[in-house]
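Read the structure below first, then the notes.
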Amino acid sequence: MTPNRGAKREISFVVNGDHRTVCVYPMERLLDVLRQQLSLTGTKEGCGEGECGACSVLIDGALVDSCLVPVAQAEGARIVTIEGVAANPRFSALGQAFLDCGGAQCGICTPGMMVAAVHLLDRNSAPTMDDIREGLSGNLCRCTGYLQILEAVAEAARRTAVR
Amino acid sequence: MTEPIVGSSTPRKEGRDKVSGCARYIDDIRFPNMLYGTTVRSRIARGKIKSIHFGAGVRWDEFVVVSANDIPGKNCIALIENDQPCLADGVVNHPEEAILLLAHPDRHRLPMAAAAVSIEYEPLEAVFTIEESERKDKIIWGTDNTFKAFLIQKGEVDGVWAKADYIVEGEYCTGAQEQLYIETNGVIAQSDAQRGITVWGSLQCPYYVHKALMTLCGLPEDKVRVVQTETGGAFGGKEEYPSMIAAHASLLAMKSRRPVKMIYDRAEDMAATTKRHPSRTRHRTAVSKDGRILGGEIELVIDGGAYVTLSPVVLSRATIHAGGPYYWPHVRIRTKAVATNAPPHGAFRGFGAPQALFAMERHIERIARAVNVSSVEIRRKNFLQPGQTTTTEQAIHEPIDLGQLLDRALELADYDAKRRRFAEQNQSNRQKNGMGIAAFLHGAGFTGSGERHLGSVVGVEGRPDGGVRVLVSSTEFGQGTNTVLCQIAAEALGLPYEDVAIAQPDTMEVPNSGPTVASRTAMVVGKLVASAALGVKQTLVGAGVLRDRCTAEEFRAACRSYVAARGRLRSLARYEQPEGIFWDDQKYRGEAYAAFAWAIYVAEVEVDLATYSARVKDFVALQEIGRVMNPVLARGQILGGVTQGIGFALYEKVEWRDGRMANNQMTNYIIPTSADVPSIRVFFEELGNRHGAFGAKGIGELPMDGPAPAIVNAIEDALGIPFDTVPLLPESIFDGVAAASSRARSTRSPVGVQ
Amino acid sequence: MRSDPADYEFAAPTRLEEAVRLLAEQPKAWLPIAGGTDVMVQFAAGTLAARKLLSIWNLPELRRIEISPHEIRIGAGSTYSDLRGHEVIAREFSLLARAASWTGGIANQNRGTLGGNIVNASPAADSLPALLAYEADLVLCSARGERRVPYVNFHTGYKQMELAPDELIRAVCLPRRFSGYFSHARKVGARNAQAISKVSVAALGRVQNGEFRDVRIALGSVAPVPLRLPETEHALQGKPPEADVIAHARRLAVAETRPIDDIRSTARYRAEVVGNLVVEFLEALGRANHDK
């Protein structure tokens, strides 16, 4: 049997505003810790290689693929997942726009797309279509052909501005 | 109800959960006491298993191990023929074939354990291409490597050659394509002495899995239960394959007596599961001097991989679509599906039609060049007209005017003006631009007598709160099943959309409405939903608790009281084949499909001669689909399908090494990102369909058929060089351009040196 | 996911000094991991040989960008997003800023680091041709101290480099003398975003008195290591930007590369495209100065 070389350790961070401490191997992927230990299953695994963006979360405000982050590197970080986005009234226009514009078909890429959209809209509240295209270019979708997703983000930006 | 529900963009039934992260896909679900499973797979393409050795360094007593010996029923995945084993037993026929199954409580322990199983093989010679298989010097399946063959003969083909002014020949090839649903295959299985086997999973056809598990486990139908969980994309890739992974998880669950979860990682899913059938089509056509097709021969072969699986059905659809939307007075269509030592190929949106229509739409261009007639005129001259018959002698009854559809598409695409501008600009620019057309049709529903054999059954039941629930085994995987079927029931009953729910597809709870394939759900199943809904109403009317002309509130009140009094209010509707549908399975002649949708796609493509990359700059997708059931969903289907078609044409190449997909990672198998998608403009026409719910025809697969030929036609327009294979990558465009220049040089300078 | 996290040791020092001390104590035992965009892919694939990981992510000493009058000193732990967002890099080192913008998507750019790109040493690495064109120096550090080496000699072969087992890259230094140069970068990948390059070019040059001056052409994905083209550059020096000069340069450039067939592309295609991109650069350089 391969000897257990590592030991679990306590890692603390803030997830969707809540302070959480987990006891895990440091090389657990942040994606797996969110899904298993914290039961936040909204973040998905699509590829495990940082290509599809289904595992997108925000770490200290930066968009990252959580499948590529060893949980130990998230010590002390402020993490936001799709559950946090969905619960935040600031982003209610985004979810509604996805519904109205057909931005979600099978829905598996949707959490990642919405987190990427939040990342974009936080930096650019009036993005052009090209800005949105670029902002979401690290998130793959196989169902929609992207256009209704891009339109949903544009619509969310418009509705938020009007408010 | 003042506003019609069918035809409006009602919100996606399960949409809220999807945009909040609450939707539960199979890997989001955990059971107490659950084990995780993995598969030990063949590393070679073909051979005998000589020995299996469980390596040192693994606590094997902690693992559940399953082999073919543990299969209680038949060692096969029952589908059409039962030639595909669930687990290889002494012999393997493709790389990645499943040999053993392992389970352990710690998911992380599995990969190393699987790697520690060493298998010694005695390799046998393998076959990897259609040509090798056809040569038959190595027989790898049956007596002649042929899974299935079809022959269609219409008229007297042998007599047309003498009358032809032109005889045009061409060969066209399409490659494998990976479905690449963003959620990989996954299931959880549970086994119980009393209840039998239950499987939850990401799948399209609960009753296919149900049937396969009955055979595998030797269990009666009430001892197998299959439940579909929220499914993250499918596109046909979860039509038949889930029976395999469900079988595997079930065997582990039976042996361990614990629930077992199996989720494929991306590399395994890409390498081991089904892909679109590669194809080779040869056309030989007799053409009159004004460009009319007099007749011809079409020979089409698809590569089915190592076992039969669905190849006969894919071949059937390819065969019927091989002639495109054109009138063939005489034709012979000979097709076959052959075996190779690759993982079996399977269903992928379009299901044989994209392959056949790519060839037809490239060939019609070749005919146009030979006869010196334009791309537009050649199609116009040969389009099917109402009253004429297809290659299977199905008469077109509906008033479809393909010439007018073509005119409209060309206008929307600004075809003439752009071509004029490009002809000029191409002379000096390093970026060459071109326009390409694809005209096509797609038959919806199962072929011929298929729907009759399926005998789909649908239920609608009244709920205690007065609303209704739709009961179907038809699954949602993004295409809108839940939404459209609820719209239909609501409209049929005059209820608000919000009063209609749809049950989770669970073989214990819902009848078999047939598989969710063949673009049949809105059209065929939807029509049964409308009937069953009306059946509920008729029951209430018959019971004297409801007038025939009633308000929604009256319906709800009657339903509530009936259910409270009697406990159950349920109506079933079963498919009946409409009058006048004749199909001869031997001659492959008659009404192949209850309805065809029709389309004209136009692509504007630019090729950069510095990098030989082609990119689509604008795309017009115009289709007649009977009835637009939900505008946002319908547009979404076309946009998604066109994007997959762009991938099929320009990006998605499977790199085969000895029967195995070598580029089985998302980093090396290229699908379009948001930065690669052009403006895709979608337009619909509606002629209705008396065989479909509220006039619906199928639309799910239609958009897959047009993009590849439209794009390759545009590239030929831009460069003046024909390409006859997809995917068409820059490397191949370069090879074509280089070959054309060297041909031009050698014709220009007879004494010349390169 | 094909690795077992239980099998790994993980150290996360908070200061560079601790990191290099660990490396000195057990050289070859520790694999440094910064943003993880390469290491974690191998980890998930089950192909990571190392079992002890030393996290150098976000070490303050590695993630600062210092400007002085003659040079910019970029901490090796700077992410591609850090590079894209830095005013001086965007203005004076556009080849590097552009390379950063087309490395993966935004999520990859927020984690991938310049030092990681160098040490991972993929022949297709996006930022390395720019470093060659700008004639970067690397500052390497260990418990034994620091040394500064020209980047041009750093890669000695496919995934081989002049880096001792106890060393880390601390910084990348670029001379601030290219403001007046015309710069041209192009990446050819399989799609417009998130693509590994099949061919990439990062090039600089000037035209003075109707002659090419100080042309630097660096290429990626056409050899086991990123390349400058010394023969081609030498042949251009002092020549006019005319068709025959450019055609000759094209032939030399293709001859200096060693492209291969691999899972992504073919040698033939790469050779042809290299030629096209070099011509494209030289023609654009010729035009740009003509317009001045």
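Naming scheme: A, B, ... for chains in displayed order of the structure tokens; residues 1 onward per chain; ligands 1 onward as shown.
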
Between chain C and chain A, at 6 Å or less, what are the per-residue closest atom pairs and their distances in Å? Count only C-alpha atoms, order by chain and rising residue number, and return it as CSV.
```
residue,atom,partner,partner_atom,distance
C:Pro5,CA,A:Met27,CA,5.1
C:Ala6,CA,A:Gly6,CA,5.6
C:Asp7,CA,A:Arg5,CA,5.1
C:Tyr8,CA,A:Gly6,CA,5.1
C:Glu9,CA,A:Gly6,CA,4.6
C:Gly36,CA,A:Leu68,CA,5.9
C:Met40,CA,A:Leu68,CA,5.2
C:Val41,CA,A:Glu49,CA,5.0
C:Gly105,CA,A:Gly138,CA,4.4
C:Ala107,CA,A:Val64,CA,4.2
```

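Those residues that approach segment 384-388 of chain B to within 6 Å, counting only C-alpha atoms, are Pro325, Tyr326, Tyr327, Ala395, Ile396, His397 and Pro399 of chain B; same-chain residues fewer than 5 positions away are not listed.
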
(request) Run DSSP on the backbone and grab whatever in segment 52-129 of chain C lands in helix (DSSP H, G or I); send it over as number ranges by chain. (result) C: 60-62, 80-85, 87-92, 94-101, 106-109, 114-120, 128-129

Write a file of the selected residues as a PDB file, in the first residue's frame, keeping C-alpha atoms.
```
ATOM      1  CA  PRO C  60       5.063  38.894  -2.220  1.00  0.00           C
ATOM      2  CA  GLU C  61       8.726  38.885  -3.315  1.00  0.00           C
ATOM      3  CA  LEU C  62       7.762  37.110  -6.523  1.00  0.00           C
ATOM      4  CA  TYR C  80      -0.832  37.025 -16.955  1.00  0.00           C
ATOM      5  CA  SER C  81      -3.584  39.272 -15.624  1.00  0.00           C
ATOM      6  CA  ASP C  82      -0.936  41.233 -13.692  1.00  0.00           C
ATOM      7  CA  LEU C  83       0.996  41.672 -16.950  1.00  0.00           C
ATOM      8  CA  ARG C  84      -2.066  42.695 -18.969  1.00  0.00           C
ATOM      9  CA  GLY C  85      -3.098  45.216 -16.374  1.00  0.00           C
ATOM     10  CA  GLU C  87       0.520  50.251 -17.699  1.00  0.00           C
ATOM     11  CA  VAL C  88       4.241  50.129 -18.572  1.00  0.00           C
ATOM     12  CA  ILE C  89       4.039  46.575 -19.927  1.00  0.00           C
ATOM     13  CA  ALA C  90       0.994  47.442 -22.023  1.00  0.00           C
ATOM     14  CA  ARG C  91       2.706  50.530 -23.411  1.00  0.00           C
ATOM     15  CA  GLU C  92       6.343  49.482 -23.852  1.00  0.00           C
ATOM     16  CA  SER C  94       3.152  45.040 -26.128  1.00  0.00           C
ATOM     17  CA  LEU C  95       4.481  41.664 -27.342  1.00  0.00           C
ATOM     18  CA  LEU C  96       4.343  40.417 -23.774  1.00  0.00           C
ATOM     19  CA  ALA C  97       0.998  42.033 -22.998  1.00  0.00           C
ATOM     20  CA  ARG C  98      -0.511  40.486 -26.112  1.00  0.00           C
ATOM     21  CA  ALA C  99       0.938  37.078 -25.336  1.00  0.00           C
ATOM     22  CA  ALA C 100      -0.612  37.311 -21.865  1.00  0.00           C
ATOM     23  CA  SER C 101      -3.981  38.177 -23.383  1.00  0.00           C
ATOM     24  CA  ILE C 106      -9.358  34.950 -18.146  1.00  0.00           C
ATOM     25  CA  ALA C 107      -9.561  32.272 -15.435  1.00  0.00           C
ATOM     26  CA  ASN C 108      -6.230  30.813 -16.607  1.00  0.00           C
ATOM     27  CA  GLN C 109      -4.720  34.298 -16.818  1.00  0.00           C
ATOM     28  CA  LEU C 114       5.295  34.157 -16.162  1.00  0.00           C
ATOM     29  CA  GLY C 115       7.779  32.084 -14.179  1.00  0.00           C
ATOM     30  CA  GLY C 116       5.580  29.030 -14.542  1.00  0.00           C
ATOM     31  CA  ASN C 117       5.431  29.520 -18.294  1.00  0.00           C
ATOM     32  CA  ILE C 118       9.233  29.636 -18.466  1.00  0.00           C
ATOM     33  CA  VAL C 119       9.862  26.635 -16.229  1.00  0.00           C
ATOM     34  CA  ASN C 120       7.145  24.471 -17.748  1.00  0.00           C
ATOM     35  CA  LEU C 128       8.495  33.021 -24.256  1.00  0.00           C
ATOM     36  CA  PRO C 129       8.993  34.374 -27.786  1.00  0.00           C
TER      37      PRO C 129
END
```

Using only C-alpha atoms, what does the table of chain B residues within 8 Å of chain A look like, with each row giving the shortest atom pair and its distance in Å to one decimal, sorted by chain and ascending number, as CSV?
```
residue,atom,partner,partner_atom,distance
B:Pro11,CA,A:Leu99,CA,6.5
B:Arg12,CA,A:Leu99,CA,7.0
B:Gly15,CA,A:Leu99,CA,6.3
B:Arg16,CA,A:Leu99,CA,7.4
B:Lys18,CA,A:Gly107,CA,5.2
B:Val19,CA,A:Gly95,CA,5.5
B:Ser20,CA,A:Ala86,CA,5.0
B:Gly21,CA,A:Gly42,CA,4.1
B:Cys22,CA,A:Gly42,CA,6.2
B:Ala23,CA,A:Gly42,CA,7.6
B:Arg24,CA,A:Thr41,CA,7.9
B:Asp28,CA,A:Thr41,CA,5.6
B:Ala56,CA,A:Met1,CA,8.0
B:Gly57,CA,A:Met1,CA,4.4
B:Val58,CA,A:Met1,CA,5.2
B:Arg59,CA,A:Met1,CA,6.4
B:Leu180,CA,A:Arg142,CA,7.1
B:Tyr181,CA,A:Arg142,CA,6.2
B:Ile182,CA,A:Gly46,CA,5.3
B:Glu183,CA,A:Gly46,CA,5.7
B:Thr184,CA,A:Gly46,CA,7.0
B:Thr231,CA,A:Cys106,CA,6.6
B:Gly232,CA,A:Cys106,CA,4.9
B:Gly233,CA,A:Cys106,CA,5.5
B:Asp265,CA,A:Cys47,CA,7.1
B:Arg266,CA,A:Cys47,CA,5.2
B:Ala267,CA,A:Cys47,CA,8.0
B:Glu476,CA,A:Cys106,CA,7.8
B:Phe477,CA,A:Cys106,CA,5.1
B:Gly478,CA,A:Cys106,CA,3.5
B:Gln479,CA,A:Gln105,CA,6.3
B:Gly480,CA,A:Gln105,CA,7.4
B:Val632,CA,A:Gly102,CA,6.0
B:Leu633,CA,A:Gly102,CA,6.6
B:Gly636,CA,A:Thr144,CA,5.7
B:Gln637,CA,A:Thr144,CA,7.0
B:Leu639,CA,A:Gly145,CA,5.2
B:Gly640,CA,A:Gly145,CA,4.1
B:Gly641,CA,A:Gly145,CA,7.4
B:Val642,CA,A:Gly145,CA,7.4
B:Thr643,CA,A:Gly145,CA,5.1
B:Gln644,CA,A:Arg142,CA,7.4
B:Gln665,CA,A:Cys47,CA,7.7
B:Met666,CA,A:Glu51,CA,6.3
B:Thr667,CA,A:Glu51,CA,6.4
B:Pro672,CA,A:Leu140,CA,7.9
B:Thr673,CA,A:Ser137,CA,5.7
B:Ser674,CA,A:Ser137,CA,5.1
B:Ala675,CA,A:Arg133,CA,5.7
B:Val677,CA,A:Gly145,CA,7.2
```

Keeping only C-alpha atoms, write the selected residues to a file as a PDB file, in the first residue's frame.
```pdb
ATOM      1  CA  PRO B  11     -40.095  30.091 -19.333  1.00  0.00           C
ATOM      2  CA  ARG B  12     -38.115  26.865 -19.123  1.00  0.00           C
ATOM      3  CA  GLY B  15     -34.999  26.934 -15.477  1.00  0.00           C
ATOM      4  CA  ARG B  16     -34.955  28.445 -11.982  1.00  0.00           C
ATOM      5  CA  LYS B  18     -30.540  25.757 -13.432  1.00  0.00           C
ATOM      6  CA  VAL B  19     -29.712  29.429 -12.914  1.00  0.00           C
ATOM      7  CA  SER B  20     -29.364  29.142  -9.153  1.00  0.00           C
ATOM      8  CA  GLY B  21     -27.020  26.163  -8.946  1.00  0.00           C
ATOM      9  CA  CYS B  22     -29.784  24.034  -7.393  1.00  0.00           C
ATOM     10  CA  ALA B  23     -30.324  21.658 -10.310  1.00  0.00           C
ATOM     11  CA  ARG B  24     -29.092  18.237  -9.243  1.00  0.00           C
ATOM     12  CA  ASP B  28     -24.364  16.079  -7.112  1.00  0.00           C
ATOM     13  CA  ALA B  56       1.201  -5.643  -5.501  1.00  0.00           C
ATOM     14  CA  GLY B  57       0.833  -2.449  -3.521  1.00  0.00           C
ATOM     15  CA  VAL B  58      -2.969  -2.449  -3.471  1.00  0.00           C
ATOM     16  CA  ARG B  59      -5.157  -3.727  -0.615  1.00  0.00           C
ATOM     17  CA  LEU B 180     -18.742  16.515 -25.819  1.00  0.00           C
ATOM     18  CA  TYR B 181     -21.743  17.125 -23.549  1.00  0.00           C
ATOM     19  CA  ILE B 182     -20.251  19.199 -20.734  1.00  0.00           C
ATOM     20  CA  GLU B 183     -21.561  16.711 -18.154  1.00  0.00           C
ATOM     21  CA  THR B 184     -19.845  13.340 -18.598  1.00  0.00           C
ATOM     22  CA  THR B 231     -28.839  15.692 -17.663  1.00  0.00           C
ATOM     23  CA  GLY B 232     -26.101  18.071 -18.724  1.00  0.00           C
ATOM     24  CA  GLY B 233     -26.255  17.629 -22.477  1.00  0.00           C
ATOM     25  CA  ASP B 265     -13.795  11.668 -16.130  1.00  0.00           C
ATOM     26  CA  ARG B 266     -13.453  13.562 -19.387  1.00  0.00           C
ATOM     27  CA  ALA B 267     -10.519  11.555 -20.762  1.00  0.00           C
ATOM     28  CA  GLU B 476     -35.116  16.867 -20.793  1.00  0.00           C
ATOM     29  CA  PHE B 477     -31.453  17.442 -21.579  1.00  0.00           C
ATOM     30  CA  GLY B 478     -31.583  21.090 -22.593  1.00  0.00           C
ATOM     31  CA  GLN B 479     -33.671  20.886 -25.720  1.00  0.00           C
ATOM     32  CA  GLY B 480     -36.914  21.857 -23.949  1.00  0.00           C
ATOM     33  CA  VAL B 632     -36.741  31.244 -27.612  1.00  0.00           C
ATOM     34  CA  LEU B 633     -36.267  27.481 -27.351  1.00  0.00           C
ATOM     35  CA  GLY B 636     -31.768  28.097 -29.153  1.00  0.00           C
ATOM     36  CA  GLN B 637     -31.932  24.699 -30.853  1.00  0.00           C
ATOM     37  CA  LEU B 639     -28.099  28.250 -32.754  1.00  0.00           C
ATOM     38  CA  GLY B 640     -26.732  25.296 -30.807  1.00  0.00           C
ATOM     39  CA  GLY B 641     -27.021  22.888 -33.716  1.00  0.00           C
ATOM     40  CA  VAL B 642     -25.398  25.281 -36.176  1.00  0.00           C
ATOM     41  CA  THR B 643     -22.506  25.789 -33.755  1.00  0.00           C
ATOM     42  CA  GLN B 644     -22.005  22.036 -33.487  1.00  0.00           C
ATOM     43  CA  GLN B 665      -8.767  16.012 -23.763  1.00  0.00           C
ATOM     44  CA  MET B 666     -10.667  19.257 -24.174  1.00  0.00           C
ATOM     45  CA  THR B 667      -7.378  20.993 -24.788  1.00  0.00           C
ATOM     46  CA  PRO B 672     -15.919  26.532 -30.739  1.00  0.00           C
ATOM     47  CA  THR B 673     -15.675  29.034 -27.871  1.00  0.00           C
ATOM     48  CA  SER B 674     -17.778  32.174 -27.635  1.00  0.00           C
ATOM     49  CA  ALA B 675     -14.960  33.937 -29.496  1.00  0.00           C
ATOM     50  CA  VAL B 677     -19.095  31.866 -33.119  1.00  0.00           C
TER      51      VAL B 677
END
```

(request) Taking only C-alpha atoms into account, report as a PyMOL selection string which residues of chain B lie within 6 Å of chain C. (result) chain B and resi 108+111+610-611+675-676+731

Residues of the last selection are to be written out with C-alpha atoms, as a compact mmCIF listing (two decimals), in the first residue's frame.
```
# COMPACT_ATOMS: atom_id res chain seq x y z
CA HIS B 108 -9.40 8.57 -5.05
CA PRO B 111 -7.30 5.07 -10.58
CA ALA B 610 -1.41 33.51 -44.15
CA THR B 611 -2.67 30.83 -41.78
CA ALA B 675 -14.96 33.94 -29.50
CA ASP B 676 -15.37 31.63 -32.50
CA GLU B 731 -3.56 22.03 -42.51
```

Select from segment 193-262 of chain C everything DSSP, run on the backbone, classes as strand (DSSP E), then give the selection as a short mmCIF file (atom, residue, chain, number, x, y, z; two decimals) with N, CA and C atoms, in the first residue's frame.
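Printed below is out13.cif as written:
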```cif
data_model
loop_
_atom_site.label_atom_id
_atom_site.label_comp_id
_atom_site.auth_asym_id
_atom_site.auth_seq_id
_atom_site.Cartn_x
_atom_site.Cartn_y
_atom_site.Cartn_z
N SER C 197 -0.78 27.12 -29.05
CA SER C 197 -0.37 27.66 -30.34
C SER C 197 0.21 26.59 -31.25
N LYS C 198 -0.07 26.72 -32.54
CA LYS C 198 0.57 25.86 -33.55
C LYS C 198 1.82 26.56 -34.06
N VAL C 199 1.74 27.87 -34.17
CA VAL C 199 2.88 28.71 -34.55
C VAL C 199 2.65 30.04 -33.86
N SER C 200 3.68 30.64 -33.30
CA SER C 200 3.49 32.01 -32.83
C SER C 200 4.73 32.82 -33.15
N VAL C 201 4.52 34.11 -33.37
CA VAL C 201 5.63 35.01 -33.67
C VAL C 201 5.54 36.24 -32.79
N ALA C 202 6.69 36.65 -32.27
CA ALA C 202 6.81 37.92 -31.53
C ALA C 202 7.99 38.63 -32.17
N ALA C 203 7.76 39.76 -32.79
CA ALA C 203 8.83 40.38 -33.56
C ALA C 203 8.87 41.88 -33.35
N LEU C 204 10.09 42.41 -33.47
CA LEU C 204 10.34 43.85 -33.29
C LEU C 204 11.29 44.29 -34.39
N GLY C 205 11.25 45.56 -34.69
CA GLY C 205 12.26 46.07 -35.61
C GLY C 205 12.06 47.53 -35.91
N ARG C 206 13.01 48.07 -36.65
CA ARG C 206 12.91 49.45 -37.11
C ARG C 206 13.35 49.53 -38.57
N VAL C 207 12.89 50.57 -39.22
CA VAL C 207 13.44 50.90 -40.54
C VAL C 207 14.03 52.30 -40.42
N GLN C 208 15.33 52.41 -40.72
CA GLN C 208 15.98 53.73 -40.67
C GLN C 208 16.66 54.00 -42.00
N GLU C 211 16.28 51.29 -44.44
CA GLU C 211 16.94 50.00 -44.22
C GLU C 211 16.40 49.36 -42.95
N PHE C 212 16.28 48.03 -42.99
CA PHE C 212 15.90 47.28 -41.79
C PHE C 212 17.01 47.43 -40.75
N ARG C 213 16.60 47.71 -39.50
CA ARG C 213 17.59 47.85 -38.41
C ARG C 213 17.10 47.06 -37.21
N ASP C 214 18.04 46.30 -36.65
CA ASP C 214 17.77 45.62 -35.37
C ASP C 214 16.45 44.85 -35.37
N VAL C 215 16.26 44.05 -36.41
CA VAL C 215 15.06 43.24 -36.47
C VAL C 215 15.24 42.02 -35.58
N ARG C 216 14.25 41.75 -34.75
CA ARG C 216 14.28 40.57 -33.89
C ARG C 216 13.03 39.77 -34.15
N ILE C 217 13.23 38.52 -34.51
CA ILE C 217 12.08 37.65 -34.77
C ILE C 217 12.18 36.44 -33.85
N ALA C 218 11.18 36.24 -33.02
CA ALA C 218 11.15 35.09 -32.12
C ALA C 218 9.91 34.26 -32.44
N LEU C 219 10.08 32.96 -32.40
CA LEU C 219 8.99 32.06 -32.79
C LEU C 219 8.73 31.01 -31.70
N GLY C 220 7.50 30.60 -31.61
CA GLY C 220 7.12 29.50 -30.71
C GLY C 220 6.49 28.37 -31.50
N LEU C 227 12.50 30.14 -30.23
CA LEU C 227 13.67 30.46 -31.05
C LEU C 227 13.76 31.92 -31.42
N ARG C 228 14.97 32.44 -31.45
CA ARG C 228 15.24 33.65 -32.24
C ARG C 228 15.77 33.14 -33.57
#
```

(request) Extract, using only C-alpha atoms, all DNA, RNA and protein residues at most 7 Å from segment 305-309 of chain B, discarding same-chain residues fewer than 6 positions from it, and format them as a list in words. (result) Leu79, Ile80, Glu81, Asp83, Gln84, Asn93, His94, Phe147, Ala339, Thr340, Asn341, Ala342, Pro343, Pro344 and His345 of chain B

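Excluding Thr215 of chain B and any residue on its chain fewer than 6 positions from it, the residues at most 9 Å away by only C-alpha atoms are Gly73, Lys74, Asn75, Cys76, Ile77 and Ala78 of chain B.
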
(request) Excluding segment 140-146 of chain C and any residue of its chain fewer than 5 positions from it, enumerate the residues within 7 Å of it, using only C-alpha atoms, and give them as JSON, numbers by chain. (result) {"C": [20, 21, 24, 166, 167, 168, 169, 170]}

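Taking only C-alpha atoms into account, Val260 of chain B lies nearest to B:Gly201 out of the set B:Pro515, B:Gly237, B:Pro464, B:Gly201.
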
(message) Ranking C:Leu132, C:Ser55, C:Ala34, C:His184 by minimum distance to Ala288 of chain C and counting only C-alpha atoms, which one comes first?
(response) C:His184

(request) Would you mind listing what lies within 10 Å of Leu59 of chain C as a PyMOL selection string, with only C-alpha atoms counted and same-chain residues fewer than 2 positions away left out? (result) chain C and resi 12-16+19+34+55-57+61-64+75-78

Export of prior selection with N, CA and C atoms as an mmCIF file, in the first residue's frame:
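Generated output (selection_32.cif):
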```cif
data_model
loop_
_atom_site.group_PDB
_atom_site.id
_atom_site.type_symbol
_atom_site.label_atom_id
_atom_site.label_comp_id
_atom_site.auth_asym_id
_atom_site.auth_seq_id
_atom_site.Cartn_x
_atom_site.Cartn_y
_atom_site.Cartn_z
ATOM 1 N N ALA C 12 3.653 25.350 2.213
ATOM 2 C CA ALA C 12 3.219 26.675 1.751
ATOM 3 C C ALA C 12 3.933 27.758 2.553
ATOM 4 N N PRO C 13 5.201 27.997 2.218
ATOM 5 C CA PRO C 13 5.931 29.055 2.942
ATOM 6 C C PRO C 13 5.322 30.415 2.664
ATOM 7 N N THR C 14 5.482 31.339 3.596
ATOM 8 C CA THR C 14 4.923 32.677 3.393
ATOM 9 C C THR C 14 5.975 33.646 2.874
ATOM 10 N N ARG C 15 7.253 33.218 2.874
ATOM 11 C CA ARG C 15 8.315 34.108 2.392
ATOM 12 C C ARG C 15 9.239 33.342 1.457
ATOM 13 N N LEU C 16 9.819 34.020 0.530
ATOM 14 C CA LEU C 16 10.713 33.428 -0.461
ATOM 15 C C LEU C 16 11.890 32.730 0.204
ATOM 16 N N ALA C 19 11.100 29.329 1.175
ATOM 17 C CA ALA C 19 10.952 28.470 0.006
ATOM 18 C C ALA C 19 12.300 27.981 -0.496
ATOM 19 N N ALA C 34 3.097 27.247 -8.580
ATOM 20 C CA ALA C 34 2.625 28.625 -8.445
ATOM 21 C C ALA C 34 1.107 28.628 -8.640
ATOM 22 N N SER C 55 4.438 25.298 -2.539
ATOM 23 C CA SER C 55 3.639 26.368 -3.113
ATOM 24 C C SER C 55 4.386 27.688 -3.064
ATOM 25 N N ILE C 56 4.573 28.294 -4.230
ATOM 26 C CA ILE C 56 5.166 29.626 -4.295
ATOM 27 C C ILE C 56 4.135 30.637 -4.800
ATOM 28 N N TRP C 57 2.865 30.238 -4.747
ATOM 29 C CA TRP C 57 1.773 31.112 -5.177
ATOM 30 C C TRP C 57 1.703 32.346 -4.274
ATOM 31 N N GLU C 61 7.471 38.572 -2.621
ATOM 32 C CA GLU C 61 8.726 38.885 -3.315
ATOM 33 C C GLU C 61 8.680 38.522 -4.790
ATOM 34 N N LEU C 62 7.813 37.569 -5.125
ATOM 35 C CA LEU C 62 7.762 37.110 -6.523
ATOM 36 C C LEU C 62 6.693 37.817 -7.332
ATOM 37 N N ARG C 63 5.820 38.514 -6.657
ATOM 38 C CA ARG C 63 4.686 39.044 -7.406
ATOM 39 C C ARG C 63 4.731 40.567 -7.527
ATOM 40 N N ARG C 64 5.917 41.174 -7.404
ATOM 41 C CA ARG C 64 5.922 42.608 -7.605
ATOM 42 C C ARG C 64 6.551 42.938 -8.962
ATOM 43 N N GLY C 75 8.345 40.305 -11.336
ATOM 44 C CA GLY C 75 8.417 39.139 -10.455
ATOM 45 C C GLY C 75 7.903 37.900 -11.171
ATOM 46 N N ALA C 76 8.604 36.788 -11.033
ATOM 47 C CA ALA C 76 8.244 35.568 -11.765
ATOM 48 C C ALA C 76 6.875 35.033 -11.356
ATOM 49 N N GLY C 77 6.399 35.446 -10.205
ATOM 50 C CA GLY C 77 5.068 35.021 -9.762
ATOM 51 C C GLY C 77 3.951 35.923 -10.241
ATOM 52 N N SER C 78 4.285 36.871 -11.121
ATOM 53 C CA SER C 78 3.243 37.736 -11.688
ATOM 54 C C SER C 78 2.369 36.901 -12.606
#
```
